[in-house]
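Everything below concerns the one structure shown next.
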Amino acid sequence: AQSVTQLGSHVSVSEGALVLLRCNYSSSVPPYLFWYVQYPNQGLQLLLKYTSAATLVKGINGFEAEFKKSETSFHLTKPSAHMSDAAEYFCAADTNSNSGYALNFGKGTSLLVTP
Amino acid sequence: DTGVSQDPRHKITKRGQNVTFRCDPISEHNRLYWYRQTLGQGPEFLTYFQNEAQLEKSRLLSDRFSAERPKGSFSTLEIQRTEQGDSAMYLCASSLASSGTDTQYFGPGTRLTVL
């Protein structure tokens, strides 16, 4: 089963600065990969997903992520942070089990955006 | 379609009591997942249904936990004899089975506090 590691439990950026949230997966077979965002006391909202169709994936709210097999990475970026981007971000991989597609989540990265 | 809904949003109970949560998936979604999320962690998979059949359960789902999806629509998750360690956010997600991986849409969650 795939496991997911998110480097950095907290990331702080200034408004307008580049956002980079890191995610690495461990699997000999590239899994399907996802980024979700969670605002306080809410469920998870899908930002984007990688399904092998293209290595650069564009998502909602200006976010994108690049799949790099050689680095087993799927880092999330946004060119210019907005205050409204402050939230918890989770990277996830599907388990590719025989009976479903349960997701394995990383521990999350809390993004703080300062004025 | 208003998305995945969960009820209640918050539940406070005393240790030893039974609690039941409900999840209403997006209509026509045939897959339904339950996850548990503790503070500072990513969601952890509990169980999964395809239509009314419960096809997978994780090791986290002790015998005090039971989930049903009687008509392949809404689902319930019951915890018997609650313990303080059961305090967590319980998330429900639904998806429409497709080739490759499907996309899971999450509800707002039920936050359980066991006193």
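Residue names in the structure tokens use chain letters A, B, ... in the order shown, residue numbers from 1 in each chain, and ligand numbers from 1 in the order shown.
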Return as a PyMOL selection string the residues belonging to chain A that are within 12 Å of chain B, counting only C-alpha atoms. chain A and resi 3-6+9-10+31-53+88-110
As a PyMOL selection string, please: all residues of chain A that backbone DSSP puts in strand (DSSP E). chain A and resi 3-5+10-14+19-21+24-26+33-38+44-50+56-58+64-68+73-78+87-94+103-105+109-114
Out of A:Thr55, A:Asn61, A:Ser73, A:Ser80, which residue has the shortest atom-to-atom distance to A:Leu7 when counting only C-alpha atoms? A:Ser73
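Ranking B:Gly85, B:Thr113, B:Lys14, B:Asp24 by their shortest atom-to-atom distance to B:Lys71, with only C-alpha atoms included, puts B:Asp24 first.
Here atom CA of B:Ser5 and atom CA of B:Ala88 stand 17.5 Å from one another.
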Residues near A:Thr114, cut-off 8 Å, only C-alpha atoms, skip fewer than 6 positions along chain, as a PDB file with N, CA and C atoms, in the first residue's frame:
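Written out: selection06.pdb:
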ATOM      1  N   SER A  12       4.540  28.942   6.486  1.00  0.00           N
ATOM      2  CA  SER A  12       4.090  30.331   6.553  1.00  0.00           C
ATOM      3  C   SER A  12       4.629  31.103   5.355  1.00  0.00           C
ATOM      4  N   VAL A  13       3.746  31.805   4.671  1.00  0.00           N
ATOM      5  CA  VAL A  13       4.155  32.630   3.527  1.00  0.00           C
ATOM      6  C   VAL A  13       3.495  33.997   3.641  1.00  0.00           C
ATOM      7  N   SER A  14       4.083  34.943   2.987  1.00  0.00           N
ATOM      8  CA  SER A  14       3.483  36.272   2.925  1.00  0.00           C
ATOM      9  C   SER A  14       2.459  36.314   1.799  1.00  0.00           C
ATOM     10  N   GLU A  15       1.468  37.149   1.958  1.00  0.00           N
ATOM     11  CA  GLU A  15       0.478  37.327   0.906  1.00  0.00           C
ATOM     12  C   GLU A  15       1.183  37.752  -0.378  1.00  0.00           C
ATOM     13  N   MET A  83      -4.870  35.559   1.294  1.00  0.00           N
ATOM     14  CA  MET A  83      -5.217  35.328   2.696  1.00  0.00           C
ATOM     15  C   MET A  83      -6.193  34.168   2.818  1.00  0.00           C
TER      16      MET A  83
END
